[in-house]
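Read the structure below first, then the notes.
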Amino acid sequence: MKLPSQFYKPLAAGAPQPVRELPVRPERMIHFFPPHLEKIRARVPEMAKQVDILLGNLEDAIPADAKEAARAGFIEVAKACDFGDTALWTRVNALNSPWVLEDIEAIVREIGDKLDVMMIPKVEGAWDIHFVDQYLSLLEARHQVKKPILIHALLETAQGVKNIEEIACASPRMHGFSLGPADLAASRGMKTTRVGGGHPLYGVLADPIEGKAERAFSQQDLWHYTVAKMVDACQSNGLRAFYGPFGDIKDEAACEAQFRNAFLMGCAGAWSLAPNQIAIAKRVFSPEVDEVLFAKRILEALPGGSGVAMLDGKMQDDATWKQAKVIVDLAKLVAKKDPELAAAYGF
């Protein structure tokens with residue numbers, strides 16, 4: 001483990017100074033696109049206007065014979081497009097793959113100053129982050145990159161979940177984590193082929209009631225424990241937690257329910273795999289107008305966050321002031337990206 005005095009020192013001479021705080025911006029959705037497809041690349045300028053984060057995917061869902069084309073396509077579109085206030089990310093191939101070294105090297109060399117975050121799949125321990133951290137530092141120094149590229153870890157294995165606390169504080173480059181439910185399910189030996197969401201057989205059966213044949217069954221959330229653990233690791237280290245993919249693109253109601261659970265539990269956003277999921281993520285991860293207006297009233301009733309006040313028959317104190325501040329701070333971030341919500345929130 002690094003000594004505290006060394007934590008914020010660059011790992012290579014000439015590399016940019018590590019960040020001490022993450023950029024403050026809305027991150028309601030990470031929208032994936034396959035950069036090996038020319039027709040998709042042509043849509044990137046318009047996509048960038050609609051999302052908070054745009055991610056060029058080089059890993060899963062990209063065929064092996066298209067890996068190099070995806071890398072080249074991502075670099076091409078990143079050079080050509082002005083992303084404005086939309087963050088640009090990429091997901092490189094896994095650290096044990098034959099493509100990852102060239103992914104990282106080519107991207108830093110060609111577009112290092114345009115890339116905000118590099119997502120690393122299947123992170124299992126702090127050692128994975130240390131490797132990427134050192135390699136990025138050497139490349140940033142060689143190619144005179146001016147700002148450090150942050151690292152986002154994908155939580156896709158049982159070992160990664162077990163080691164999440166150590167991973168979270170492995171480097172000042174850490175941006176956060178995303179839940180990868182499909183790979184994680186396989187790693188754990190879970191008996192489901194779904195990508196995210198619940199399972200109709202995973203639930204609790206009510207106790208029998210005399211004289212009543214039917215017993216109520218309540219479906220439970222397969223991912224509650226993992227999301228809670230991820231959120232705790234992130235919030236305690238100043239990082240961001242994200243729900244990952246929801247694979248049933250047509251089931252918008254189930255997608256929205258899963259996203260809302262993640263939002264309520266403390267996630268900053270979720271992945272969007274198709275245009276209809278962008279709208280769902282915007283709706284879910286933007287606080288509701290009525291809740292924002294009430295939260296603003298709490299902050300106004302308790303200047304500085306001390307004392308007690310009654311609002312609509314409900315007691316408010318320093319604890320509810322902190323809750324209200326979370327809502328209002330998020331609303332202010334969202335308002336910067338969404339003029340209609342800004343007006344509704346009263347900003």
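If you're wondering about the labels, chains in the structure tokens are A, B, ... by order shown, residues count from 1 in each chain, ligands from 1 in order shown.
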
Would you mind listing what lies within 12 Å of Met47 of chain A as a PDB file with N, CA, C and O atoms, in the first residue's frame, with only C-alpha atoms counted and same-chain residues fewer than 2 positions away left out?
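Output file around_1.pdb is given in full below:
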```pdb
ATOM      1  N   ILE A  30     -24.592   6.416 -18.697  1.00  0.00           N
ATOM      2  CA  ILE A  30     -23.408   6.132 -19.503  1.00  0.00           C
ATOM      3  C   ILE A  30     -23.947   5.449 -20.753  1.00  0.00           C
ATOM      4  O   ILE A  30     -24.377   4.291 -20.698  1.00  0.00           O
ATOM      5  N   HIS A  31     -23.955   6.157 -21.863  1.00  0.00           N
ATOM      6  CA  HIS A  31     -24.556   5.589 -23.079  1.00  0.00           C
ATOM      7  C   HIS A  31     -23.491   4.924 -23.943  1.00  0.00           C
ATOM      8  O   HIS A  31     -22.522   5.554 -24.370  1.00  0.00           O
ATOM      9  N   PHE A  32     -23.677   3.630 -24.177  1.00  0.00           N
ATOM     10  CA  PHE A  32     -22.725   2.821 -24.933  1.00  0.00           C
ATOM     11  C   PHE A  32     -23.000   2.909 -26.436  1.00  0.00           C
ATOM     12  O   PHE A  32     -24.156   2.895 -26.861  1.00  0.00           O
ATOM     13  N   PHE A  33     -21.912   2.960 -27.225  1.00  0.00           N
ATOM     14  CA  PHE A  33     -22.074   2.819 -28.669  1.00  0.00           C
ATOM     15  C   PHE A  33     -20.942   1.957 -29.222  1.00  0.00           C
ATOM     16  O   PHE A  33     -19.826   1.978 -28.701  1.00  0.00           O
ATOM     17  N   ILE A  40     -23.261   4.018 -36.898  1.00  0.00           N
ATOM     18  CA  ILE A  40     -23.384   4.469 -35.504  1.00  0.00           C
ATOM     19  C   ILE A  40     -22.456   5.651 -35.250  1.00  0.00           C
ATOM     20  O   ILE A  40     -22.842   6.629 -34.598  1.00  0.00           O
ATOM     21  N   ARG A  41     -21.238   5.592 -35.782  1.00  0.00           N
ATOM     22  CA  ARG A  41     -20.300   6.711 -35.610  1.00  0.00           C
ATOM     23  C   ARG A  41     -20.883   8.000 -36.175  1.00  0.00           C
ATOM     24  O   ARG A  41     -20.673   9.084 -35.625  1.00  0.00           O
ATOM     25  N   ALA A  42     -21.633   7.890 -37.256  1.00  0.00           N
ATOM     26  CA  ALA A  42     -22.225   9.081 -37.878  1.00  0.00           C
ATOM     27  C   ALA A  42     -23.242   9.754 -36.964  1.00  0.00           C
ATOM     28  O   ALA A  42     -23.499  10.958 -37.092  1.00  0.00           O
ATOM     29  N   ARG A  43     -23.808   8.979 -36.032  1.00  0.00           N
ATOM     30  CA  ARG A  43     -24.809   9.535 -35.120  1.00  0.00           C
ATOM     31  C   ARG A  43     -24.206  10.128 -33.845  1.00  0.00           C
ATOM     32  O   ARG A  43     -24.937  10.693 -33.029  1.00  0.00           O
ATOM     33  N   VAL A  44     -22.912   9.966 -33.647  1.00  0.00           N
ATOM     34  CA  VAL A  44     -22.295  10.371 -32.381  1.00  0.00           C
ATOM     35  C   VAL A  44     -22.491  11.859 -32.074  1.00  0.00           C
ATOM     36  O   VAL A  44     -22.820  12.213 -30.929  1.00  0.00           O
ATOM     37  N   PRO A  45     -22.315  12.791 -33.017  1.00  0.00           N
ATOM     38  CA  PRO A  45     -22.526  14.205 -32.667  1.00  0.00           C
ATOM     39  C   PRO A  45     -23.920  14.478 -32.109  1.00  0.00           C
ATOM     40  O   PRO A  45     -24.068  15.272 -31.166  1.00  0.00           O
ATOM     41  N   LYS A  49     -25.348  15.246 -27.700  1.00  0.00           N
ATOM     42  CA  LYS A  49     -26.219  16.314 -27.201  1.00  0.00           C
ATOM     43  C   LYS A  49     -27.294  15.786 -26.253  1.00  0.00           C
ATOM     44  O   LYS A  49     -27.886  16.555 -25.500  1.00  0.00           O
ATOM     45  N   GLN A  50     -27.550  14.471 -26.305  1.00  0.00           N
ATOM     46  CA  GLN A  50     -28.674  13.900 -25.566  1.00  0.00           C
ATOM     47  C   GLN A  50     -28.282  13.236 -24.257  1.00  0.00           C
ATOM     48  O   GLN A  50     -29.144  12.943 -23.433  1.00  0.00           O
ATOM     49  N   VAL A  51     -26.983  12.974 -24.058  1.00  0.00           N
ATOM     50  CA  VAL A  51     -26.568  12.161 -22.908  1.00  0.00           C
ATOM     51  C   VAL A  51     -25.566  12.908 -22.039  1.00  0.00           C
ATOM     52  O   VAL A  51     -24.977  13.908 -22.450  1.00  0.00           O
ATOM     53  N   ASP A  52     -25.372  12.387 -20.832  1.00  0.00           N
ATOM     54  CA  ASP A  52     -24.378  12.967 -19.931  1.00  0.00           C
ATOM     55  C   ASP A  52     -22.990  12.385 -20.167  1.00  0.00           C
ATOM     56  O   ASP A  52     -21.986  13.088 -20.063  1.00  0.00           O
ATOM     57  N   ILE A  53     -22.940  11.082 -20.463  1.00  0.00           N
ATOM     58  CA  ILE A  53     -21.678  10.393 -20.729  1.00  0.00           C
ATOM     59  C   ILE A  53     -21.856   9.548 -21.985  1.00  0.00           C
ATOM     60  O   ILE A  53     -22.825   8.802 -22.108  1.00  0.00           O
ATOM     61  N   LEU A  54     -20.897   9.640 -22.894  1.00  0.00           N
ATOM     62  CA  LEU A  54     -20.911   8.822 -24.104  1.00  0.00           C
ATOM     63  C   LEU A  54     -19.689   7.913 -24.066  1.00  0.00           C
ATOM     64  O   LEU A  54     -18.554   8.389 -23.893  1.00  0.00           O
ATOM     65  N   LEU A  55     -19.928   6.596 -24.211  1.00  0.00           N
ATOM     66  CA  LEU A  55     -18.846   5.617 -24.069  1.00  0.00           C
ATOM     67  C   LEU A  55     -18.687   4.793 -25.329  1.00  0.00           C
ATOM     68  O   LEU A  55     -19.639   4.140 -25.775  1.00  0.00           O
ATOM     69  N   GLY A  56     -17.480   4.812 -25.892  1.00  0.00           N
ATOM     70  CA  GLY A  56     -17.146   3.946 -27.008  1.00  0.00           C
ATOM     71  C   GLY A  56     -16.719   2.590 -26.486  1.00  0.00           C
ATOM     72  O   GLY A  56     -15.727   2.476 -25.772  1.00  0.00           O
ATOM     73  N   CYS A  81     -15.275  14.815 -33.322  1.00  0.00           N
ATOM     74  CA  CYS A  81     -16.486  15.341 -32.687  1.00  0.00           C
ATOM     75  C   CYS A  81     -16.166  16.309 -31.548  1.00  0.00           C
ATOM     76  O   CYS A  81     -15.233  16.086 -30.770  1.00  0.00           O
ATOM     77  N   ASP A  82     -16.963  17.360 -31.453  1.00  0.00           N
ATOM     78  CA  ASP A  82     -16.920  18.256 -30.290  1.00  0.00           C
ATOM     79  C   ASP A  82     -18.000  17.775 -29.316  1.00  0.00           C
ATOM     80  O   ASP A  82     -19.181  17.847 -29.612  1.00  0.00           O
ATOM     81  N   PHE A  83     -17.576  17.299 -28.150  1.00  0.00           N
ATOM     82  CA  PHE A  83     -18.514  16.688 -27.207  1.00  0.00           C
ATOM     83  C   PHE A  83     -19.130  17.703 -26.241  1.00  0.00           C
ATOM     84  O   PHE A  83     -19.988  17.339 -25.443  1.00  0.00           O
ATOM     85  N   GLY A  84     -18.695  18.950 -26.322  1.00  0.00           N
ATOM     86  CA  GLY A  84     -19.270  19.974 -25.445  1.00  0.00           C
ATOM     87  C   GLY A  84     -19.108  19.606 -23.988  1.00  0.00           C
ATOM     88  O   GLY A  84     -18.014  19.250 -23.535  1.00  0.00           O
ATOM     89  N   THR A  86     -20.530  17.040 -22.584  1.00  0.00           N
ATOM     90  CA  THR A  86     -20.740  15.602 -22.426  1.00  0.00           C
ATOM     91  C   THR A  86     -19.395  14.915 -22.230  1.00  0.00           C
ATOM     92  O   THR A  86     -18.460  15.148 -23.000  1.00  0.00           O
ATOM     93  N   ALA A  87     -19.292  14.077 -21.209  1.00  0.00           N
ATOM     94  CA  ALA A  87     -18.043  13.379 -20.918  1.00  0.00           C
ATOM     95  C   ALA A  87     -17.825  12.255 -21.931  1.00  0.00           C
ATOM     96  O   ALA A  87     -18.763  11.573 -22.323  1.00  0.00           O
ATOM     97  N   LEU A  88     -16.571  12.052 -22.323  1.00  0.00           N
ATOM     98  CA  LEU A  88     -16.206  10.986 -23.253  1.00  0.00           C
ATOM     99  C   LEU A  88     -15.463   9.881 -22.507  1.00  0.00           C
ATOM    100  O   LEU A  88     -14.444  10.140 -21.858  1.00  0.00           O
ATOM    101  N   SER A 272     -27.038   3.032 -20.394  1.00  0.00           N
ATOM    102  CA  SER A 272     -28.116   2.959 -21.381  1.00  0.00           C
ATOM    103  C   SER A 272     -27.553   2.276 -22.622  1.00  0.00           C
ATOM    104  O   SER A 272     -26.495   2.651 -23.123  1.00  0.00           O
ATOM    105  N   ALA A 274     -29.657   1.500 -25.373  1.00  0.00           N
ATOM    106  CA  ALA A 274     -30.486   1.848 -26.524  1.00  0.00           C
ATOM    107  C   ALA A 274     -31.125   3.213 -26.253  1.00  0.00           C
ATOM    108  O   ALA A 274     -31.211   3.643 -25.100  1.00  0.00           O
ATOM    109  N   PRO A 275     -31.583   3.908 -27.308  1.00  0.00           N
ATOM    110  CA  PRO A 275     -32.137   5.252 -27.119  1.00  0.00           C
ATOM    111  C   PRO A 275     -33.274   5.322 -26.107  1.00  0.00           C
ATOM    112  O   PRO A 275     -33.381   6.309 -25.364  1.00  0.00           O
ATOM    113  N   ILE A 278     -32.102   5.895 -22.582  1.00  0.00           N
ATOM    114  CA  ILE A 278     -31.621   7.250 -22.253  1.00  0.00           C
ATOM    115  C   ILE A 278     -32.738   8.027 -21.559  1.00  0.00           C
ATOM    116  O   ILE A 278     -32.523   8.658 -20.519  1.00  0.00           O
TER     117      ILE A 278
END
```

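With only C-alpha atoms taken into account, the protein and nucleic acid residues at most 10 Å from Thr320 of chain A (excluding it and anything under 3 positions from it in its own chain) are Ala295, Ile298, Leu299, Leu302, Gly305, Val308, Met315, Gln316, Asp317, Gln323, Ala324, Lys325 and Val326 of chain A.
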
Could you pull out all residues of segment 180-321 of chain A with a DSSP call of alpha helix (DSSP H) and give them as JSON, numbers by chain? {"A": [181, 182, 183, 184, 185, 186, 187, 188, 224, 225, 226, 227, 228, 229, 230, 231, 232, 233, 234, 235, 252, 253, 254, 255, 256, 257, 258, 259, 260, 261, 262, 263, 264, 265, 275, 276, 277, 278, 279, 280, 281, 282, 283, 284, 289, 290, 291, 292, 293, 294, 295, 296, 297, 298, 299, 300, 301, 318, 319, 320, 321]}

If we count only C-alpha atoms, what is near Pro34 of chain A at a cut-off of 12 Å, once residues fewer than 4 positions away on the same chain are taken out, given as a PyMOL selection string? chain A and resi 38-44+54-63+66-67+69-74+77+90-92+273-274

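We find atom CA of Met174 of chain A and atom CA of Glu256 of chain A to be spaced 27.6 Å apart.
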
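The shell of residues at most 12 Å from Val24 of chain A, with only C-alpha atoms counted and near chain neighbours (fewer than 5 positions) removed, consists of Asp52, Asp85, Ala87, His175, Gly238, Leu239, Arg240, Ala268, Asp329, Leu330, Lys332, Leu333, Val334 and Lys336 of chain A.
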
Got time to write the residues from that selection, C-alpha atoms, as a CSV table (one decimal), in the first residue's frame?
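Output saved as again-v1.csv:
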```csv
chain,number,residue,atom,x,y,z
A,52,ASP,CA,-24.4,13.0,-19.9
A,85,ASP,CA,-20.2,19.3,-21.8
A,87,ALA,CA,-18.0,13.4,-20.9
A,175,HIS,CA,-13.8,7.5,-10.6
A,238,GLY,CA,-15.7,10.0,-2.7
A,239,LEU,CA,-16.4,7.9,-5.8
A,240,ARG,CA,-19.5,7.3,-8.0
A,268,ALA,CA,-25.4,8.4,-9.6
A,329,ASP,CA,-27.3,19.6,-5.1
A,330,LEU,CA,-28.2,16.9,-7.6
A,332,LYS,CA,-28.5,22.0,-9.5
A,333,LEU,CA,-26.2,19.6,-11.5
A,334,VAL,CA,-29.1,18.3,-13.6
A,336,LYS,CA,-27.1,22.7,-15.9
```

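Distance-wise, atom CA of Ile120 of chain A and atom CA of Asn261 of chain A end up 24.6 Å apart.
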
The distance between atom CA of Ser178 of chain A and atom CA of Ser236 of chain A is 15.8 Å

Mind checking which residues fall within 12 Å of Ala253 of chain A, counting only C-alpha atoms, ignoring those fewer than 5 positions away in the same chain, and posting them as number ranges by chain? A: 197, 246, 248, 258-260, 276-277, 280-281, 284

Extract, using only C-alpha atoms, all DNA, RNA and protein residues at most 10 Å from segment 125-134 of chain A, discarding same-chain residues fewer than 6 positions from it, and format them as a ChimeraX atom specification. /A:1,10-12,95,101,104,118,140,148-153,159-174

Close residues, Pro245 of chain A itself excluded, 9 Å, only C-alpha atoms, min 5 positions apart in chain, as a compact mmCIF listing (two decimals) with all heavy atoms, in the first residue's frame:
```txt
# COMPACT_ATOMS: atom_id res chain seq x y z
N LEU A 179 -21.93 -1.88 -11.73
CA LEU A 179 -22.32 -3.27 -11.54
C LEU A 179 -22.41 -3.96 -12.91
O LEU A 179 -23.09 -3.48 -13.80
CB LEU A 179 -23.68 -3.34 -10.85
CG LEU A 179 -24.36 -4.72 -10.77
CD1 LEU A 179 -23.59 -5.64 -9.83
CD2 LEU A 179 -25.80 -4.59 -10.34
N GLY A 180 -21.71 -5.09 -13.04
CA GLY A 180 -21.79 -5.90 -14.26
C GLY A 180 -22.51 -7.20 -13.96
O GLY A 180 -21.88 -8.21 -13.66
N PRO A 181 -23.85 -7.21 -14.01
CA PRO A 181 -24.60 -8.34 -13.46
C PRO A 181 -24.44 -9.66 -14.21
O PRO A 181 -24.50 -10.73 -13.60
CB PRO A 181 -26.06 -7.86 -13.52
CG PRO A 181 -26.08 -6.78 -14.54
CD PRO A 181 -24.73 -6.13 -14.48
N ALA A 182 -24.23 -9.63 -15.52
CA ALA A 182 -24.15 -10.89 -16.27
C ALA A 182 -22.89 -11.67 -15.92
O ALA A 182 -22.94 -12.85 -15.54
CB ALA A 182 -24.22 -10.62 -17.77
N VAL A 195 -29.72 -10.39 -17.92
CA VAL A 195 -28.71 -9.33 -17.76
C VAL A 195 -29.34 -8.22 -16.93
O VAL A 195 -30.05 -7.35 -17.43
CB VAL A 195 -28.25 -8.80 -19.13
CG1 VAL A 195 -27.22 -7.69 -18.93
CG2 VAL A 195 -27.65 -9.92 -19.95
N GLY A 196 -29.09 -8.27 -15.62
CA GLY A 196 -29.69 -7.30 -14.72
C GLY A 196 -31.13 -7.65 -14.41
O GLY A 196 -31.69 -8.61 -14.94
N ALA A 270 -26.90 5.05 -14.47
CA ALA A 270 -26.96 3.68 -14.96
C ALA A 270 -26.51 3.67 -16.41
O ALA A 270 -26.39 4.71 -17.05
CB ALA A 270 -28.38 3.12 -14.85
N TRP A 271 -26.27 2.49 -16.94
CA TRP A 271 -25.92 2.36 -18.35
C TRP A 271 -27.18 2.46 -19.21
O TRP A 271 -28.25 1.99 -18.80
CB TRP A 271 -25.27 1.02 -18.63
CG TRP A 271 -23.95 0.79 -17.98
CD1 TRP A 271 -23.38 1.54 -17.00
CD2 TRP A 271 -23.05 -0.28 -18.26
NE1 TRP A 271 -22.16 1.01 -16.64
CE2 TRP A 271 -21.94 -0.12 -17.41
CE3 TRP A 271 -23.07 -1.35 -19.15
CZ2 TRP A 271 -20.86 -1.00 -17.42
CZ3 TRP A 271 -22.00 -2.23 -19.16
CH2 TRP A 271 -20.90 -2.05 -18.32
N SER A 272 -27.04 3.03 -20.39
CA SER A 272 -28.12 2.96 -21.38
C SER A 272 -27.55 2.28 -22.62
O SER A 272 -26.49 2.65 -23.12
CB SER A 272 -28.68 4.35 -21.71
OG SER A 272 -27.67 5.25 -22.10
N LEU A 273 -28.27 1.26 -23.08
CA LEU A 273 -27.81 0.44 -24.20
C LEU A 273 -28.58 0.75 -25.48
O LEU A 273 -28.19 0.28 -26.55
CB LEU A 273 -27.96 -1.05 -23.86
CG LEU A 273 -27.29 -1.51 -22.57
CD1 LEU A 273 -27.52 -3.00 -22.37
CD2 LEU A 273 -25.80 -1.20 -22.56
```

DSSP on the backbone, strand (DSSP E) only: what residues of segment 128-286 of chain A does that give? Format it as JSON, numbers by chain. {"A": [150, 151, 152, 153, 154, 155, 174, 175, 176, 177, 178, 179, 203, 204, 205, 217, 218, 219, 240, 241, 242, 243, 269, 270, 271, 272]}

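When only C-alpha atoms are used to measure the gap to Ala262 of chain A, the shortest distance among A:Ala344, A:Thr192, A:Leu136, A:Arg28 belongs to A:Arg28.
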